[in-house]
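The structure file start.txt is reproduced below (compact mmCIF, C-alpha atoms).
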```txt
# COMPACT_ATOMS: atom_id res chain seq x y z
CA MET I 1 2.96 -118.93 -20.28
CA ARG I 2 6.10 -116.94 -21.00
CA ILE I 3 6.93 -114.29 -18.40
CA ILE I 4 7.55 -110.92 -20.04
CA GLU I 5 10.73 -109.45 -18.58
CA GLN I 6 12.55 -106.19 -19.17
CA ALA I 7 15.58 -106.19 -21.46
CA ASP I 8 18.83 -107.38 -19.91
CA LYS I 9 20.51 -104.05 -20.75
CA LEU I 10 18.22 -102.32 -18.25
CA GLN I 11 19.63 -104.30 -15.33
CA LYS I 12 22.53 -101.86 -14.98
CA MET I 13 20.34 -98.79 -15.17
CA HIS I 14 18.81 -96.69 -12.42
CA TYR I 15 17.46 -93.18 -12.05
CA GLU I 16 16.97 -92.53 -8.37
CA VAL I 17 15.84 -88.93 -8.91
CA ARG I 18 12.56 -90.68 -9.74
CA GLY I 19 13.31 -94.07 -8.20
CA PRO I 20 11.87 -96.27 -5.42
CA VAL I 21 12.05 -93.62 -2.69
CA VAL I 22 10.16 -91.20 -4.93
CA GLU I 23 7.59 -93.89 -5.72
CA GLU I 24 7.00 -94.28 -1.98
CA ALA I 25 6.58 -90.52 -1.63
CA ASP I 26 3.98 -90.54 -4.42
CA LYS I 27 2.04 -93.26 -2.58
CA MET I 28 2.07 -91.13 0.55
CA LEU I 29 0.77 -88.15 -1.42
CA LEU I 30 -2.06 -90.28 -2.80
CA ARG I 31 -2.98 -91.16 0.80
CA GLY I 32 -3.31 -87.45 1.51
CA GLU I 33 -0.03 -87.01 3.38
CA ASN I 34 1.97 -83.82 2.87
CA VAL I 35 5.46 -84.41 1.47
CA LEU I 36 8.06 -81.74 0.71
CA LYS I 37 9.75 -83.00 -2.44
CA LEU I 38 13.39 -81.98 -2.56
CA ASN I 39 14.32 -84.63 -5.11
CA ILE I 40 14.16 -82.93 -8.50
CA GLY I 41 15.14 -79.60 -10.04
CA ASN I 42 11.72 -78.45 -11.24
CA PRO I 43 11.63 -74.68 -10.56
CA ALA I 44 8.06 -73.90 -11.66
CA VAL I 45 6.67 -76.19 -8.95
CA PHE I 46 8.21 -73.86 -6.36
CA GLY I 47 6.86 -70.58 -7.68
CA PHE I 48 9.52 -69.66 -10.21
CA ASN I 49 8.08 -68.40 -13.49
CA ALA I 50 9.48 -68.13 -17.00
CA PRO I 51 9.87 -64.66 -18.52
CA ASP I 52 6.66 -63.40 -20.13
CA ALA I 53 8.49 -62.94 -23.44
CA LEU I 54 8.79 -66.71 -23.78
CA PHE I 55 5.04 -67.25 -23.42
CA ASP I 56 4.41 -64.49 -25.94
CA GLU I 57 6.85 -66.03 -28.40
CA ILE I 58 5.40 -69.53 -28.24
CA ALA I 59 1.87 -68.14 -28.58
CA ALA I 60 2.87 -66.03 -31.59
CA HIS I 61 4.31 -69.07 -33.40
CA ILE I 62 1.91 -71.79 -32.33
CA ARG I 63 0.40 -72.10 -35.82
CA ASP I 64 3.85 -72.07 -37.41
CA ALA I 65 4.75 -75.06 -35.27
CA GLN I 66 2.28 -77.49 -36.84
CA PRO I 67 4.69 -79.21 -39.26
CA TYR I 68 7.89 -81.09 -38.51
CA SER I 69 10.98 -78.95 -38.43
CA ASP I 70 14.37 -79.87 -39.86
CA SER I 71 15.66 -82.86 -37.88
CA LYS I 72 18.40 -80.63 -36.42
CA GLY I 73 15.91 -77.94 -35.47
CA ILE I 74 14.61 -74.62 -36.75
CA LEU I 75 17.40 -72.74 -38.52
CA SER I 76 16.81 -69.41 -36.75
CA SER I 77 16.98 -71.15 -33.38
CA ARG I 78 20.16 -73.01 -34.28
CA GLU I 79 21.70 -69.72 -35.43
CA ALA I 80 20.81 -68.18 -32.06
CA ILE I 81 22.54 -71.10 -30.34
CA VAL I 82 25.62 -70.58 -32.55
CA GLU I 83 25.70 -66.92 -31.56
CA TYR I 84 25.47 -67.89 -27.90
CA CYS I 85 28.21 -70.51 -28.22
CA THR I 86 30.45 -68.05 -30.07
CA SER I 87 29.97 -65.51 -27.29
CA LYS I 88 31.34 -68.14 -24.90
CA GLY I 89 34.39 -68.79 -27.04
CA PHE I 90 33.43 -71.99 -28.87
CA PRO I 91 35.71 -72.58 -31.87
CA ASN I 92 34.41 -73.79 -35.22
CA VAL I 93 30.70 -74.01 -34.47
CA ASP I 94 28.01 -73.35 -37.07
CA SER I 95 24.30 -74.05 -37.56
CA ASP I 96 25.02 -77.48 -39.09
CA SER I 97 26.83 -78.37 -35.87
CA VAL I 98 23.80 -77.77 -33.63
CA PHE I 99 21.13 -80.37 -32.86
CA ILE I 100 18.05 -79.33 -30.91
CA GLY I 101 16.43 -82.00 -28.76
CA ASN I 102 13.57 -82.68 -26.38
CA GLY I 103 15.69 -81.44 -23.51
CA ALA I 104 19.41 -82.03 -23.17
CA SER I 105 18.68 -85.60 -22.03
CA ASP I 106 17.38 -86.43 -25.52
CA VAL I 107 20.54 -85.37 -27.33
CA ILE I 108 22.78 -86.92 -24.65
CA CYS I 109 21.22 -90.30 -25.47
CA ILE I 110 21.67 -89.68 -29.20
CA ALA I 111 25.31 -88.73 -28.67
CA MET I 112 26.01 -91.94 -26.76
CA GLN I 113 24.10 -94.21 -29.13
CA ALA I 114 25.92 -92.81 -32.16
CA LEU I 115 29.35 -93.36 -30.61
CA LEU I 116 29.53 -96.46 -28.46
CA ASN I 117 30.26 -100.06 -29.32
CA THR I 118 30.06 -102.83 -26.74
CA GLY I 119 32.80 -102.36 -24.17
CA ASP I 120 33.82 -98.84 -25.17
CA GLU I 121 34.55 -96.83 -22.04
CA ILE I 122 33.39 -93.33 -21.12
CA LEU I 123 34.85 -91.45 -18.15
CA LEU I 124 32.13 -89.99 -15.93
CA PRO I 125 32.34 -88.02 -12.69
CA SER I 126 31.40 -89.51 -9.36
CA PRO I 127 29.03 -88.23 -8.20
CA ASP I 128 27.31 -87.76 -11.56
CA TYR I 129 23.92 -86.93 -12.96
CA PRO I 130 22.65 -90.52 -13.31
CA LEU I 131 21.25 -90.04 -16.81
CA TRP I 132 24.83 -90.10 -18.07
CA THR I 133 25.65 -93.50 -16.59
CA ALA I 134 22.30 -94.83 -17.79
CA ALA I 135 22.81 -93.51 -21.33
CA VAL I 136 26.26 -95.11 -21.55
CA ASN I 137 24.96 -98.46 -20.31
CA LEU I 138 21.93 -98.38 -22.60
CA SER I 139 24.20 -97.66 -25.58
CA GLY I 140 26.37 -100.71 -24.86
CA GLY I 141 29.28 -98.79 -23.39
CA THR I 142 31.00 -99.13 -20.04
CA PRO I 143 30.84 -96.19 -17.61
CA VAL I 144 34.05 -95.62 -15.68
CA HIS I 145 33.75 -93.12 -12.84
CA TYR I 146 36.50 -90.75 -11.79
CA ILE I 147 36.30 -89.10 -8.37
CA CYS I 148 35.35 -85.50 -7.66
CA ASP I 149 37.11 -84.21 -4.56
CA GLU I 150 34.87 -82.87 -1.81
CA GLN I 151 37.90 -81.27 -0.11
CA ALA I 152 38.58 -79.28 -3.29
CA ASP I 153 35.07 -77.84 -3.63
CA TRP I 154 33.99 -80.96 -5.55
CA ASN I 155 36.33 -80.27 -8.49
CA PRO I 156 37.39 -83.38 -10.44
CA ASP I 157 40.42 -85.20 -9.07
CA ILE I 158 42.95 -85.06 -11.90
CA GLU I 159 44.90 -88.09 -10.70
CA SER I 160 41.69 -90.12 -10.53
CA ILE I 161 40.97 -89.21 -14.15
CA LYS I 162 44.45 -90.25 -15.28
CA LYS I 163 44.21 -93.58 -13.46
CA SER I 164 40.83 -94.32 -15.04
CA ILE I 165 42.01 -94.16 -18.65
CA THR I 166 42.51 -97.41 -20.58
CA PRO I 167 42.98 -98.23 -24.28
CA ARG I 168 39.17 -98.52 -24.51
CA THR I 169 38.47 -95.01 -23.23
CA LYS I 170 36.81 -92.94 -25.94
CA ALA I 171 35.65 -89.80 -24.13
CA ILE I 172 35.38 -87.89 -20.89
CA VAL I 173 32.21 -86.28 -19.55
CA VAL I 174 32.51 -82.99 -17.66
CA ILE I 175 29.40 -81.75 -15.81
CA ASN I 176 30.05 -78.08 -15.08
CA PRO I 177 28.25 -76.45 -13.30
CA ASN I 178 27.72 -79.70 -11.49
CA ASN I 179 24.64 -81.64 -10.58
CA PRO I 180 24.45 -82.94 -7.82
CA THR I 181 27.14 -80.94 -5.97
CA GLY I 182 26.55 -77.36 -7.12
CA ALA I 183 30.25 -77.04 -7.94
CA LEU I 184 31.66 -74.58 -10.47
CA TYR I 185 34.93 -75.96 -11.79
CA SER I 186 38.08 -73.86 -11.68
CA LEU I 187 39.81 -72.71 -14.84
CA GLU I 188 42.96 -74.56 -13.78
CA VAL I 189 41.13 -77.88 -13.47
CA LEU I 190 39.37 -77.41 -16.81
CA LYS I 191 42.70 -76.76 -18.52
CA GLU I 192 44.15 -79.92 -16.96
CA ILE I 193 41.19 -81.96 -18.21
CA VAL I 194 41.69 -80.56 -21.72
CA GLU I 195 45.36 -81.55 -21.61
CA ILE I 196 44.47 -85.08 -20.51
CA ALA I 197 41.96 -85.32 -23.38
CA ARG I 198 44.60 -84.01 -25.77
CA GLN I 199 47.24 -86.51 -24.66
CA ASN I 200 44.83 -89.44 -24.77
CA ASP I 201 42.88 -88.53 -27.90
CA LEU I 202 39.54 -88.26 -26.07
CA ILE I 203 36.29 -86.59 -27.04
CA ILE I 204 35.08 -84.06 -24.48
CA PHE I 205 31.38 -84.20 -23.65
CA ALA I 206 30.47 -81.07 -21.69
CA ASP I 207 27.17 -80.92 -19.81
CA GLU I 208 26.65 -77.19 -19.22
CA ILE I 209 22.89 -77.03 -18.66
CA TYR I 210 23.42 -74.82 -15.58
CA ASP I 211 25.85 -72.32 -17.12
CA ARG I 212 23.33 -69.50 -16.61
CA VAL I 213 22.53 -70.56 -13.04
CA VAL I 214 25.70 -69.34 -11.32
CA MET I 215 25.67 -67.66 -7.90
CA GLU I 216 29.40 -67.27 -7.30
CA GLY I 217 32.22 -66.98 -9.82
CA GLU I 218 32.14 -67.12 -13.61
CA HIS I 219 31.49 -70.12 -15.81
CA THR I 220 34.01 -71.09 -18.48
CA SER I 221 32.94 -73.42 -21.26
CA ILE I 222 35.54 -76.14 -21.65
CA ALA I 223 35.08 -76.07 -25.44
CA SER I 224 36.61 -72.58 -25.46
CA LEU I 225 39.83 -74.07 -24.08
CA ALA I 226 40.09 -76.88 -26.65
CA PRO I 227 40.10 -75.52 -30.21
CA ASP I 228 42.18 -78.50 -31.42
CA LEU I 229 39.91 -81.15 -29.88
CA PHE I 230 36.45 -82.43 -30.76
CA CYS I 231 33.94 -81.27 -28.16
CA VAL I 232 30.21 -81.81 -27.80
CA THR I 233 28.50 -79.37 -25.45
CA PHE I 234 24.99 -79.89 -24.06
CA ASN I 235 22.76 -77.07 -22.89
CA GLY I 236 19.14 -75.96 -22.74
CA LEU I 237 16.52 -73.70 -21.22
CA SER I 238 14.78 -75.97 -18.71
CA LYS I 239 16.51 -74.60 -15.61
CA SER I 240 17.74 -71.17 -16.62
CA HIS I 241 14.39 -70.10 -18.07
CA ILE I 242 12.03 -72.19 -15.91
CA ILE I 243 10.54 -74.18 -18.81
CA CYS I 244 11.33 -77.80 -17.90
CA GLY I 245 8.05 -78.97 -19.39
CA TYR I 246 8.80 -77.41 -22.77
CA ARG I 247 11.68 -79.93 -23.21
CA CYS I 248 14.07 -77.58 -24.96
CA GLY I 249 17.75 -78.51 -25.13
CA TRP I 250 20.56 -78.91 -27.64
CA MET I 251 24.07 -80.10 -28.34
CA ALA I 252 26.71 -78.10 -30.18
CA LEU I 253 29.67 -79.73 -31.91
CA SER I 254 32.85 -77.65 -31.91
CA GLY I 255 36.60 -77.78 -32.38
CA ASP I 256 38.35 -80.22 -34.70
CA LYS I 257 35.65 -82.20 -36.50
CA SER I 258 37.92 -83.51 -39.25
CA ARG I 259 38.24 -86.99 -37.70
CA ALA I 260 34.65 -87.19 -36.48
CA GLN I 261 32.77 -87.25 -39.77
CA GLY I 262 31.59 -90.84 -39.34
CA TYR I 263 30.35 -90.11 -35.83
CA ILE I 264 28.60 -86.93 -36.98
CA ALA I 265 26.90 -88.91 -39.74
CA GLY I 266 25.62 -91.27 -37.04
CA ILE I 267 24.23 -88.36 -35.04
CA ASN I 268 22.51 -87.06 -38.16
CA MET I 269 20.94 -90.45 -38.81
CA LEU I 270 19.60 -90.80 -35.25
CA ALA I 271 18.30 -87.22 -35.26
CA SER I 272 16.51 -87.94 -38.54
CA ILE I 273 14.96 -91.18 -37.27
CA ARG I 274 13.21 -89.35 -34.42
CA LEU I 275 12.10 -86.74 -37.04
CA CYS I 276 12.56 -83.61 -34.91
CA ALA I 277 12.31 -82.14 -31.44
CA ASN I 278 9.23 -80.44 -30.02
CA VAL I 279 8.69 -77.58 -32.49
CA PRO I 280 6.74 -75.00 -30.42
CA ALA I 281 9.50 -74.89 -27.78
CA GLN I 282 12.16 -74.28 -30.41
CA TYR I 283 10.69 -70.89 -31.21
CA VAL I 284 11.54 -69.49 -27.77
CA ILE I 285 15.28 -70.11 -28.10
CA PRO I 286 16.30 -66.84 -29.83
CA VAL I 287 14.36 -64.73 -27.34
CA ALA I 288 15.57 -66.71 -24.33
CA LEU I 289 19.24 -66.52 -25.27
CA LYS I 290 19.10 -62.73 -25.33
CA ASP I 291 18.87 -62.91 -21.52
CA LYS I 292 22.47 -62.80 -20.36
CA GLU I 293 21.81 -62.65 -16.60
CA ASN I 294 19.68 -64.61 -14.17
CA PRO I 295 18.24 -62.31 -11.47
CA HIS I 296 17.55 -65.26 -9.16
CA CYS I 297 21.29 -65.92 -8.85
CA LYS I 298 22.36 -62.49 -7.60
CA PRO I 299 22.49 -61.47 -3.92
CA GLY I 300 18.88 -60.90 -2.91
CA GLY I 301 17.63 -63.28 -5.61
CA ARG I 302 15.76 -66.39 -4.57
CA LEU I 303 18.29 -69.03 -5.60
CA TYR I 304 21.19 -67.11 -4.13
CA GLU I 305 19.50 -66.60 -0.77
CA GLN I 306 18.05 -70.11 -0.60
CA GLY I 307 21.38 -71.71 -1.42
CA LYS I 308 23.11 -69.57 1.20
CA TYR I 309 20.53 -70.46 3.81
CA VAL I 310 20.56 -74.22 3.27
CA TYR I 311 24.38 -74.32 3.21
CA GLU I 312 24.60 -72.53 6.56
CA ALA I 313 21.74 -74.53 8.09
CA LEU I 314 23.22 -77.88 7.12
CA ASN I 315 26.60 -77.05 8.57
CA ARG I 316 24.97 -76.15 11.89
CA ILE I 317 23.60 -79.69 12.29
CA PRO I 318 25.93 -81.93 14.33
CA GLY I 319 27.44 -84.64 12.15
CA VAL I 320 26.52 -82.93 8.86
CA SER I 321 28.85 -80.98 6.57
CA ALA I 322 28.35 -79.46 3.14
CA VAL I 323 30.40 -77.63 0.53
CA LYS I 324 28.88 -74.30 -0.46
CA PRO I 325 27.20 -74.56 -3.88
CA LYS I 326 28.40 -71.97 -6.38
CA ALA I 327 25.95 -72.85 -9.13
CA ALA I 328 22.88 -74.90 -10.10
CA MET I 329 20.19 -75.58 -7.47
CA TYR I 330 21.60 -78.48 -5.48
CA ILE I 331 23.74 -79.20 -2.46
CA PHE I 332 25.31 -82.58 -1.63
CA PRO I 333 25.78 -82.81 2.16
CA LYS I 334 27.85 -85.43 3.92
CA LEU I 335 26.79 -87.49 6.94
CA ASP I 336 29.53 -88.37 9.40
CA LYS I 337 29.53 -92.18 9.47
CA LYS I 338 31.09 -92.16 12.93
CA VAL I 339 28.04 -90.31 14.21
CA PHE I 340 25.27 -92.04 12.29
CA ASN I 341 26.74 -95.40 11.19
CA ILE I 342 24.71 -95.37 7.97
CA THR I 343 25.38 -98.35 5.73
CA ASP I 344 22.31 -98.09 3.48
CA ASP I 345 21.61 -94.58 2.26
CA GLN I 346 18.41 -95.58 0.45
CA LYS I 347 17.05 -96.79 3.80
CA PHE I 348 18.18 -93.49 5.30
CA ALA I 349 16.20 -91.57 2.65
CA LEU I 350 13.14 -93.79 3.18
CA ASP I 351 13.29 -93.41 6.95
CA PHE I 352 13.57 -89.64 6.64
CA LEU I 353 10.62 -89.64 4.25
CA HIS I 354 8.43 -91.78 6.50
CA GLN I 355 9.27 -89.99 9.72
CA GLN I 356 9.47 -86.37 8.59
CA ARG I 357 7.64 -86.27 5.24
CA VAL I 358 10.65 -84.81 3.41
CA LEU I 359 11.94 -86.39 0.21
CA VAL I 360 15.65 -86.33 -0.67
CA VAL I 361 17.77 -88.53 -2.96
CA GLN I 362 20.48 -90.76 -1.53
CA GLY I 363 24.04 -90.15 -2.69
CA THR I 364 24.57 -93.60 -4.22
CA GLY I 365 21.77 -92.67 -6.63
CA PHE I 366 24.34 -90.33 -8.20
CA ASN I 367 26.95 -93.08 -8.44
CA TRP I 368 28.79 -91.85 -5.37
CA ILE I 369 30.99 -94.56 -3.89
CA LYS I 370 29.88 -94.46 -0.24
CA PRO I 371 26.47 -94.35 1.50
CA ASP I 372 27.31 -91.11 3.29
CA HIS I 373 25.80 -88.31 1.15
CA PHE I 374 22.43 -87.16 -0.09
CA ARG I 375 21.20 -84.43 -2.43
CA ILE I 376 18.90 -81.57 -1.52
CA VAL I 377 17.20 -79.34 -4.07
CA PHE I 378 17.05 -75.82 -2.64
CA LEU I 379 14.24 -74.48 -4.82
CA PRO I 380 11.64 -73.98 -2.03
CA GLU I 381 11.48 -70.59 -0.36
CA VAL I 382 13.53 -70.08 2.79
CA ALA I 383 10.54 -70.66 5.10
CA GLN I 384 10.02 -74.14 3.62
CA LEU I 385 13.74 -74.88 3.68
CA LYS I 386 13.88 -73.81 7.32
CA ASN I 387 11.12 -76.27 8.13
CA ALA I 388 12.95 -79.01 6.22
CA MET I 389 16.25 -78.32 8.00
CA GLU I 390 14.54 -78.42 11.39
CA LYS I 391 13.00 -81.76 10.45
CA LEU I 392 16.37 -83.07 9.29
CA GLU I 393 18.06 -82.03 12.53
CA ASN I 394 15.30 -83.61 14.59
CA PHE I 395 15.44 -86.79 12.55
CA LEU I 396 19.22 -87.11 12.75
CA SER I 397 19.26 -86.46 16.51
CA ASN I 398 17.38 -89.72 16.95
CA TYR I 399 18.62 -91.67 13.95
CA ARG I 400 20.64 -94.79 14.58
CA GLN I 401 20.96 -97.97 12.53
```
Now that the file is in, can you turn its structure into structure tokens?
Amino acid sequence: MRIIEQADKLQKMHYEVRGPVVEEADKMLLRGENVLKLNIGNPAVFGFNAPDALFDEIAAHIRDAQPYSDSKGILSSREAIVEYCTSKGFPNVDSDSVFIGNGASDVICIAMQALLNTGDEILLPSPDYPLWTAAVNLSGGTPVHYICDEQADWNPDIESIKKSITPRTKAIVVINPNNPTGALYSLEVLKEIVEIARQNDLIIFADEIYDRVVMEGEHTSIASLAPDLFCVTFNGLSKSHIICGYRCGWMALSGDKSRAQGYIAGINMLASIRLCANVPAQYVIPVALKDKENPHCKPGGRLYEQGKYVYEALNRIPGVSAVKPKAAMYIFPKLDKKVFNITDDQKFALDFLHQQRVLVVQGTGFNWIKPDHFRIVFLPEVAQLKNAMEKLENFLSNYRQ
């Protein structure tokens, strides 16, 4: 009998945020073992709650949400997104330029599928959020990773970007604020990226899902710096408003769209094929976007204090170093290879899981080039993080390969 195999195009794909190490952790949980899961940014699991106004809004419109919406999304919600984008300096954005999706991941996949032919190249950061690399591969494109510089607070390395461009490069992806590093890119670096895109006729894809989760500094949307370029910016409410399960995200097209009409028609077609995004969640967008500040990110707020604690705790462990996260809910510590001699970071993550019952994601799962990093989600309260850091220090003090 014929063996039923997965499609060949999936061979290049991985998503380690929910990969083999996580599967092992789930087996341990089923056996009744306690595991602290620091693998995924899911705030509600750790006691964060969405604003009451969002629950009230979805309840008030639950009957209105029975039919399909427009394939782009509810008009009033798209208008609220336009207002938000305009407040951040987006040029030439209107309600027809906004597409609401089942989370930002949904519209990222649509954006890649509408653009890429076999062999087309997209520049992606390393480390990256692995959905991006997966979406490019699944769409028939070729991901090309440029390096982010740990010594420069994980900002993109401009020379690495320039060296990565070929005649087949169609676009550059900028993840700012960054997952997995927690970096907030400098204005100078963003301007340099815009100039590179301008000189090489590249689309800018901007993943800004954490733009309202900033602990230090101020976020600048790269679209505001590129009025003469075509930009597609991705955002949503999952993290900033603690509603991951609602699956509420969007993309906004801005700048010079005059040469992108064929591509935009492709996006429209793909959005129409999937009919529409989750309608009940769309109704919370106008209310949510009225919140301009995130209290968790200020001094004394949970994310601020937890990020500060885990940064300081990691850097106290011999052989471990970490750049202070300025945004998002992640930190990407480095393991000194001279101390630990780690050659397989997935094995490292599995060993840590088995011995200490703490789940992290290995750095190569984010398309980092060496097996010397891992990502920690700092959503648990400080007491839990303290326990996790003590376990990590104990584990590393005895860890040799």
Practice prompt. Within 9 Å of range 130-134 of chain I, counting only C-alpha atoms, which residues show up once you throw out same-chain ones fewer than 3 positions away? Write them as a list in words, please.
Written response: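 So the residues in contact are Leu10, Lys12, Met13, His14, Tyr15, Glu16, Val17, Ser105, Ile108, Cys109, Met112, Ile122, Leu124, Pro127, Asn137, Leu138, Ser139, Thr142, Pro143, Val144, His145, Val173, Gly365, Phe366 and Asn367 of chain I.
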Practice prompt. Find, counting all atoms listed in the file, the residue in I:Arg274, I:Lys337, I:His241, I:Arg316 that gets nearest to Leu392 in chain I.
Written response: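 Among the listed residues, I:Arg316 lies closest to Leu392 in chain I.
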Item to complete: Could you give me, as a list in words, the residues that have an atom at most 8 Å away from the point (18.3, -73.4, -20.0) in the coordinates of the file, using all atoms listed in the file?
Response: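 Using all atoms listed in the file, the matching residues come out as Ile209, Tyr210, Arg212, Asn235, Gly236, Leu237, Ser238, Lys239, Ser240, His241, Ile242, Ile243, Cys248 and Gly249 of chain I.
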With range 164-168 of chain I as the partner and 8 Å as the cut-off, tabulate the residues of range 93-128 of chain I that qualify, each row holding the nearest pair of atoms and their distance in Å to one decimal, using only C-alpha atoms, sorted by chain and rising number, as CSV.
```
residue,atom,partner,partner_atom,distance
I:Gly119,CA,I:Arg168,CA,7.4
I:Asp120,CA,I:Arg168,CA,5.4
I:Glu121,CA,I:Arg168,CA,5.5
I:Leu123,CA,I:Ser164,CA,7.3
```
Item to complete: Quote the spacing between CA of Leu314 in chain I and CA of Pro20 in chain I in Å to one decimal place.
Response: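 One can read the CA of Leu314 in chain I to CA of Pro20 in chain I distance as 25.0 Å.
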Worksheet entry | Which residue of I:Ala135, I:Ile203, I:Ile74, I:Leu187 approaches Tyr263 in chain I most closely, using all atoms listed in the file |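 Ranked by minimum distance to Tyr263 in chain I, first place goes to I:Ile203.
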Fill in: Answer as a count of residues only, residues within 9 Å of (8.8, -84.3, -1.2) using all atoms listed in the file
15
Fill in: Pick from I:Leu289, I:Ala327, I:Met389, I:Ile3, whichever lies nearest to Gly217 in chain I using all atoms listed in the file
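Of I:Leu289, I:Ala327, I:Met389, I:Ile3, the one nearest Gly217 in chain I, counting all atoms listed in the file, is I:Ala327.
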Discussion item. So that I can check the surroundings of Ala50 in chain I, please list as JSON, numbers by chain every protein, DNA and RNA residue that reaches within 12 Å of it, counting all atoms listed in the file and ignoring chain neighbours fewer than 2 positions away.
Written reply: {"I": [43, 44, 45, 47, 48, 52, 53, 54, 55, 56, 57, 237, 238, 239, 240, 241, 242, 243, 244, 245, 246, 284, 287, 288, 291, 294, 295, 296]}
Worksheet item: Looking at all atoms listed in the file, which of I:Gln282, I:Ser272, I:Asn178, I:Asn398 is the one that sits closest to Pro318 in chain I?
Response: I:Asn398
Fill in: Gly319 in chain I surroundings by all atoms listed in the file, 8 Å radius, close-in-sequence under 5 positions cut, as an MDAnalysis selection string
chainID I and resid 335:336 339:340
Worksheet, complete the sentence: The distance between CA of Glu390 in chain I and CA of Trp368 in chain I is 25.8 Å
Worksheet entry | Within 10 Å of Ile193 in chain I using only C-alpha atoms, minus same-chain residues under 5 positions, as a VMD selection string | chain I and resid 156 to 158 161 to 162 172 174 187 to 188 198 to 199 204 222 225 to 226
Please put the answer as lines of an AutoDock Vina configuration file: centre and edge lengths, in Å with one decimal, of a box along x, y and z that encloses all listed atoms of range 170-185 of chain I plus 3 Å on each side.
```
center_x = 30.6
center_y = -83.8
center_z = -16.0
size_x = 18.4
size_y = 24.4
size_z = 26.0
```
Discussion item. Using all atoms listed in the file for the distances, tell me which of I:Tyr84, I:Phe352, I:Tyr399, I:Tyr330 is nearest to Leu379 in chain I.
Written reply: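 Looking only at the distances to Leu379 in chain I, the closest residue turns out to be I:Tyr330.
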Discussion item. If I take CA of Ile175 in chain I and CA of Thr343 in chain I, how far is one from the other in Å, to one decimal?
Written reply: 27.5 Å
Missing atoms in range 318-328 of chain I: fill them in up to N, CA, C and O atoms and send the result as a compact mmCIF listing (two decimals), in the frame of the given file.
```
# COMPACT_ATOMS: atom_id res chain seq x y z
N PRO I 318 24.84 -81.04 13.91
CA PRO I 318 25.93 -81.93 14.33
C PRO I 318 26.02 -83.18 13.46
O PRO I 318 25.02 -83.85 13.21
N GLY I 319 27.22 -83.45 12.96
CA GLY I 319 27.44 -84.64 12.15
C GLY I 319 27.18 -84.44 10.66
O GLY I 319 27.33 -85.38 9.87
N VAL I 320 26.80 -83.23 10.26
CA VAL I 320 26.52 -82.93 8.86
C VAL I 320 27.50 -81.85 8.38
O VAL I 320 27.77 -80.88 9.11
N SER I 321 28.02 -82.01 7.18
CA SER I 321 28.85 -80.98 6.57
C SER I 321 28.48 -80.86 5.10
O SER I 321 28.00 -81.81 4.49
N ALA I 322 28.70 -79.67 4.54
CA ALA I 322 28.35 -79.46 3.14
C ALA I 322 29.25 -78.40 2.54
O ALA I 322 29.59 -77.41 3.19
N VAL I 323 29.64 -78.61 1.29
CA VAL I 323 30.40 -77.63 0.53
C VAL I 323 29.41 -76.61 -0.05
O VAL I 323 28.34 -76.98 -0.55
N LYS I 324 29.77 -75.35 0.02
CA LYS I 324 28.88 -74.30 -0.46
C LYS I 324 28.68 -74.42 -1.97
O LYS I 324 29.65 -74.46 -2.74
N PRO I 325 27.44 -74.49 -2.43
CA PRO I 325 27.20 -74.56 -3.88
C PRO I 325 27.43 -73.20 -4.53
O PRO I 325 26.97 -72.17 -4.04
N LYS I 326 28.13 -73.21 -5.64
CA LYS I 326 28.40 -71.97 -6.38
C LYS I 326 27.48 -71.81 -7.57
O LYS I 326 27.39 -70.72 -8.16
N ALA I 327 26.79 -72.88 -7.94
CA ALA I 327 25.95 -72.85 -9.13
C ALA I 327 24.87 -73.92 -9.03
O ALA I 327 24.83 -74.70 -8.08
N ALA I 328 24.00 -73.95 -10.04
CA ALA I 328 22.88 -74.90 -10.10
C ALA I 328 21.92 -74.67 -8.93
O ALA I 328 21.80 -73.56 -8.43
```
